[in-house]
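*Asks:* First, the structure itself, so that you have it in front of you.
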Amino acid sequence: MACPLRTASALVALFESVARLASYRPVSCRVASCGVAYPVGAYKRRRFAVEGARLLPGFCFALQLACNVDDRNPVTSENAIQSSGGTAGASSAAAMTSPAGRGSAGATDMGSGGAPNRAEELPVPRPITPLSDAGDTSSPTVTAPPPDAASTTSEPPPPPPPPPCDTSRPFQAPVLVQGLASSGDEYGLWLTPDELTAYFASSRGDLGGPGDYDLYRAKRATTDAAFEQPSLVPLVNSAFTERKAVLSSDGLRLFFSSNRPGLGTGDDIYVSVRPNTSSEFGVPGLLSGINSNQGDLVHSITSDGRYLYFDHPVAGAGRDIFLFDLSMSTATRAVTELESPYDDGHAVTSADGLTVYWATTRVSLADGDGSAESDIWSARRASVTDPLGGLTPVAELNTSSAETVHYVSTDGCRIYIGSERSGRAQLYVAAKP
């Protein structure tokens, strides 16, 4: 219960008048919650006032109790809102300030702009909007959590990585492939697509190879690093010559040429397989459908693993280049676009199949003289089904000594070649800027 200020003042004034008539001594009645003390002076005047004066202390005490019921939290228009911590608090405050002076079903019954209580002339507190369980059916306003910082940052996507090289530009000067050189000759080189594992033939004698040329394997950490010491490829070597190893892109088939006894025609093409790249290659066997009664030398495999490029001698000419379809095992055709009256071989195609590099002893297009030393040439086409054209020497790779081509990186930025420019056969790499 609250203590309206004007009601308390009226009652005290009444009791003060009675006290004056009864000639009683002054009595003080302090209304603590209203914060005002009201002295009551009493002087005995008339006899009929004695009984009223006797009742004065009781009335004063009752008034003080009434005023002190909510003494710890006196109600005002401000603290009514502060003390309404939930539905119950809001309802109580609204009921105490309603015109009828009694509780109601919901605080919204007053609505906004309700008339003040004329009986007590007190300002009506601002209506308190109840929670949903007090009858409010409006949809609550949901404040979305702040978005993640990454989602609000409107940074542009990172630019695509620059191309590893400009394939339209010439190769730079060839340099030795570090780690593969020896006191013997190195002939033929093939790498895994990441260029971190090399298979090559060498006549070196320091690692215990059983034949003239044997197949070796070496690894390196990066394409800029030197290869670690090579080791013989198990099971594939013999007391005869093994050279020009070619590895399928999945790493499960190893092709090479060898003059070991077979068909009795000199070099034949063999294949060794393995179930996975963690296993060693098995004992090799002759590759069916490709070998002839002439010396057959394998040189490369296309990136899709379907075709082998190889060469062998042709009557009335030198060596010519052929294409063998591994999916059919019998389909062989001559690459007639690259034929000449001279030796042509060592064909290697780019990953997209649109450029072919090969070695030839033909003369340049502007020269009528022959040459006993091979040079590296290239030919191009618009699609893999078009014929090759634009035959031209790759001048930056050639010298007056013999050069052959062995491997082209998948991005077309590096070419690995063999050259005798040092006086013996060694392996080189040339890169495009």
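Chain labels follow the order of the structure tokens: the first chain is A, the next B, and so on; residue numbering restarts at 1 in every chain, and ligands are counted from 1 in their shown order.
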Could you give me, as a ChimeraX atom specification, the residues within 12 Å of Ala382 in chain A, counting only C-alpha atoms and dropping anything in the same chain fewer than 3 positions from it?

*Replies:* /A:352-355,379,385-390

*Asks:* Would you save the residues from that selection as a CSV table (one decimal), in the first residue's frame, using C-alpha atoms?

*Replies:*
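result_33.csv written:
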chain,number,residue,atom,x,y,z
A,352,ASP,CA,48.1,-31.4,-74.4
A,353,GLY,CA,49.3,-33.4,-77.4
A,354,LEU,CA,49.6,-30.3,-79.6
A,355,THR,CA,53.4,-30.0,-79.8
A,379,ALA,CA,56.0,-29.6,-84.9
A,385,THR,CA,43.2,-35.0,-84.6
A,386,ASP,CA,44.9,-32.6,-87.0
A,387,PRO,CA,48.1,-33.4,-88.8
A,388,LEU,CA,51.3,-31.9,-87.5
A,389,GLY,CA,52.8,-28.9,-89.3
A,390,GLY,CA,55.1,-26.0,-88.8

*Asks:* Which residues come within 12 Å of Arg424 in chain A, counting only C-alpha atoms, excluding same-chain residues fewer than 4 positions away, as a ChimeraX atom specification?

*Replies:* /A:181-187,202-203,401-403,418-420

*Asks:* Next, the residues of the selection above should be written as a short mmCIF file (atom, residue, chain, number, x, y, z; two decimals), in the first residue's frame with N, CA and C atoms.

*Replies:*
data_model
loop_
_atom_site.label_atom_id
_atom_site.label_comp_id
_atom_site.auth_asym_id
_atom_site.auth_seq_id
_atom_site.Cartn_x
_atom_site.Cartn_y
_atom_site.Cartn_z
N ALA A 181 74.90 -37.10 -63.50
CA ALA A 181 76.12 -37.25 -64.30
C ALA A 181 77.05 -38.27 -63.66
N SER A 182 77.83 -38.92 -64.50
CA SER A 182 78.79 -39.93 -64.03
C SER A 182 80.00 -39.92 -64.97
N SER A 183 80.89 -40.84 -64.75
CA SER A 183 82.05 -40.96 -65.64
C SER A 183 81.71 -41.71 -66.92
N GLY A 184 80.49 -42.27 -66.97
CA GLY A 184 80.05 -42.97 -68.17
C GLY A 184 79.15 -42.08 -69.01
N ASP A 185 78.33 -42.69 -69.84
CA ASP A 185 77.37 -41.97 -70.69
C ASP A 185 75.96 -42.20 -70.14
N GLU A 186 75.13 -41.16 -70.22
CA GLU A 186 73.71 -41.26 -69.84
C GLU A 186 72.87 -41.11 -71.11
N TYR A 187 72.00 -42.05 -71.29
CA TYR A 187 71.22 -42.07 -72.52
C TYR A 187 69.75 -42.32 -72.18
N SER A 202 72.28 -45.57 -68.08
CA SER A 202 73.66 -45.11 -67.91
C SER A 202 74.62 -46.28 -68.10
N SER A 203 75.79 -45.93 -68.63
CA SER A 203 76.85 -46.93 -68.78
C SER A 203 77.85 -46.85 -67.63
N SER A 401 77.09 -30.54 -81.96
CA SER A 401 77.11 -31.94 -81.51
C SER A 401 75.70 -32.52 -81.60
N ALA A 402 75.58 -33.81 -81.34
CA ALA A 402 74.28 -34.48 -81.43
C ALA A 402 73.43 -34.15 -80.21
N GLU A 403 72.14 -33.81 -80.47
CA GLU A 403 71.16 -33.59 -79.41
C GLU A 403 69.93 -34.48 -79.65
N GLY A 418 69.25 -34.95 -74.26
CA GLY A 418 70.58 -35.53 -74.23
C GLY A 418 71.47 -34.77 -75.21
N SER A 419 72.72 -34.60 -74.84
CA SER A 419 73.63 -33.87 -75.71
C SER A 419 75.05 -34.37 -75.52
N GLU A 420 75.81 -34.30 -76.59
CA GLU A 420 77.23 -34.67 -76.53
C GLU A 420 78.12 -33.44 -76.58
#

*Asks:* Need to verify the contact set: Leu254 in chain A, 9 Å, only C-alpha atoms, exclusion of same-chain residues closer than 3 positions in sequence. Can you return it as a compact mmCIF listing (two decimals) with N, CA and C atoms, in the first residue's frame?

*Replies:*
# COMPACT_ATOMS: atom_id res chain seq x y z
N ALA A 245 64.18 -45.71 -70.79
CA ALA A 245 63.03 -46.07 -69.97
C ALA A 245 61.91 -45.03 -70.13
N VAL A 246 60.66 -45.51 -70.17
CA VAL A 246 59.47 -44.66 -70.27
C VAL A 246 58.46 -45.15 -69.24
N LEU A 247 57.98 -44.24 -68.40
CA LEU A 247 57.06 -44.59 -67.32
C LEU A 247 55.68 -44.04 -67.62
N SER A 248 54.64 -44.88 -67.46
CA SER A 248 53.27 -44.40 -67.63
C SER A 248 52.96 -43.37 -66.55
N GLY A 251 52.39 -44.50 -63.15
CA GLY A 251 53.55 -45.12 -62.51
C GLY A 251 53.50 -46.62 -62.41
N TYR A 270 60.15 -53.83 -74.24
CA TYR A 270 59.68 -54.63 -73.11
C TYR A 270 58.83 -53.76 -72.18
N VAL A 271 58.04 -54.43 -71.36
CA VAL A 271 57.25 -53.73 -70.36
C VAL A 271 57.30 -54.51 -69.04
N SER A 272 57.39 -53.77 -67.97
CA SER A 272 57.35 -54.33 -66.62
C SER A 272 56.24 -53.62 -65.86
N VAL A 273 55.45 -54.37 -65.11
CA VAL A 273 54.30 -53.78 -64.42
C VAL A 273 54.42 -54.01 -62.92
N ARG A 274 53.62 -53.24 -62.18
CA ARG A 274 53.54 -53.40 -60.72
C ARG A 274 52.13 -53.05 -60.27
N PHE A 281 58.76 -53.04 -59.70
CA PHE A 281 58.31 -53.60 -60.96
C PHE A 281 58.66 -55.09 -61.04
N PRO A 284 60.22 -58.15 -66.51
CA PRO A 284 59.67 -57.62 -67.77
C PRO A 284 59.41 -58.71 -68.79

*Asks:* May I have all residues of range 324-376 of chain A that DSSP, computed from the backbone, assigns to strand (DSSP E), given as a PDB file with C-alpha atoms, in the first residue's frame?

*Replies:*
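New file selection18.pdb:
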ATOM      1  CA  PHE A 324      51.446 -47.575 -81.160  1.00  0.00           C
ATOM      2  CA  ASP A 325      47.931 -47.768 -79.667  1.00  0.00           C
ATOM      3  CA  THR A 332      50.611 -49.084 -85.385  1.00  0.00           C
ATOM      4  CA  ARG A 333      50.883 -46.210 -87.814  1.00  0.00           C
ATOM      5  CA  ALA A 334      53.704 -44.119 -89.149  1.00  0.00           C
ATOM      6  CA  ASP A 344      63.954 -39.366 -87.254  1.00  0.00           C
ATOM      7  CA  GLY A 345      63.276 -40.560 -83.743  1.00  0.00           C
ATOM      8  CA  HIS A 346      63.067 -39.715 -80.044  1.00  0.00           C
ATOM      9  CA  ALA A 347      59.578 -38.188 -80.421  1.00  0.00           C
ATOM     10  CA  VAL A 348      58.038 -36.683 -77.301  1.00  0.00           C
ATOM     11  CA  THR A 349      54.688 -34.915 -77.140  1.00  0.00           C
ATOM     12  CA  THR A 355      53.372 -30.040 -79.835  1.00  0.00           C
ATOM     13  CA  VAL A 356      55.781 -32.814 -80.711  1.00  0.00           C
ATOM     14  CA  TYR A 357      59.544 -32.553 -80.258  1.00  0.00           C
ATOM     15  CA  TRP A 358      61.842 -35.052 -81.940  1.00  0.00           C
ATOM     16  CA  ALA A 359      65.434 -35.556 -83.059  1.00  0.00           C
ATOM     17  CA  THR A 360      66.384 -35.668 -86.715  1.00  0.00           C
ATOM     18  CA  ASP A 375      69.143 -31.769 -83.893  1.00  0.00           C
ATOM     19  CA  ILE A 376      65.943 -31.161 -81.956  1.00  0.00           C
TER      20      ILE A 376
END

*Asks:* My list of candidates is A:Glu396, A:Asp411, A:Asp250, A:Glu337. Which is closest to Arg380 in chain A when distances are computed with only C-alpha atoms?

*Replies:*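 Closest to Arg380 in chain A of all the choices is A:Glu337.
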
*Asks:* Give me, please, the distance in Å between CA of Leu215 in chain A and CA of Val236 in chain A, quoted to one decimal.

*Replies:*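 Going from CA of Leu215 in chain A over to CA of Val236 in chain A, I get 7.6 Å.
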
*Asks:* Given only C-alpha atoms as the basis, pick out the residue of A:Ala351, A:Val394, A:Ile269, A:Leu308 nearest to Ser292 in chain A.

*Replies:* A:Ile269

*Asks:* Based on the backbone DSSP call, show me all residues of range 186-430 of chain A assigned helix (DSSP H, G or I), as a ChimeraX atom specification.

*Replies:* /A:336-338,395-397

*Asks:* Please produce an output containing C-alpha atoms for each residue in the selection, written as a short mmCIF file (atom, residue, chain, number, x, y, z; two decimals), in the first residue's frame.

*Replies:*
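selection_14.cif, freshly written:
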data_model
loop_
_atom_site.label_atom_id
_atom_site.label_comp_id
_atom_site.auth_asym_id
_atom_site.auth_seq_id
_atom_site.Cartn_x
_atom_site.Cartn_y
_atom_site.Cartn_z
CA THR A 336 54.19 -39.45 -91.84
CA GLU A 337 54.25 -35.71 -91.15
CA LEU A 338 57.67 -36.14 -89.52
CA ALA A 395 67.61 -23.48 -82.35
CA GLU A 396 68.28 -22.62 -78.70
CA LEU A 397 68.72 -26.33 -77.85
#

*Asks:* Residues near Gln294 in chain A, anyone? I mean within 7 Å using only C-alpha atoms, not counting same-chain ones fewer than 2 positions away, as an mmCIF file with N, CA and C atoms, in the first residue's frame.

*Replies:*
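Written file, out-v8.cif:
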data_model
loop_
_atom_site.group_PDB
_atom_site.id
_atom_site.type_symbol
_atom_site.label_atom_id
_atom_site.label_comp_id
_atom_site.auth_asym_id
_atom_site.auth_seq_id
_atom_site.Cartn_x
_atom_site.Cartn_y
_atom_site.Cartn_z
ATOM 1 N N THR A 265 66.172 -59.809 -83.183
ATOM 2 C CA THR A 265 66.199 -58.707 -84.155
ATOM 3 C C THR A 265 66.908 -57.478 -83.593
ATOM 4 N N GLY A 266 67.706 -57.616 -82.583
ATOM 5 C CA GLY A 266 68.356 -56.458 -81.987
ATOM 6 C C GLY A 266 67.492 -55.915 -80.862
ATOM 7 N N SER A 292 59.162 -55.442 -84.290
ATOM 8 C CA SER A 292 59.338 -55.835 -85.691
ATOM 9 C C SER A 292 60.627 -56.614 -85.834
ATOM 10 N N ASP A 296 63.748 -51.820 -82.532
ATOM 11 C CA ASP A 296 62.666 -50.929 -82.099
ATOM 12 C C ASP A 296 63.075 -50.214 -80.808
ATOM 13 N N HIS A 312 61.894 -47.190 -85.634
ATOM 14 C CA HIS A 312 62.716 -48.303 -86.119
ATOM 15 C C HIS A 312 63.114 -48.010 -87.575
ATOM 16 N N PRO A 313 64.130 -48.704 -88.082
ATOM 17 C CA PRO A 313 64.593 -48.434 -89.458
ATOM 18 C C PRO A 313 63.545 -48.812 -90.493
#
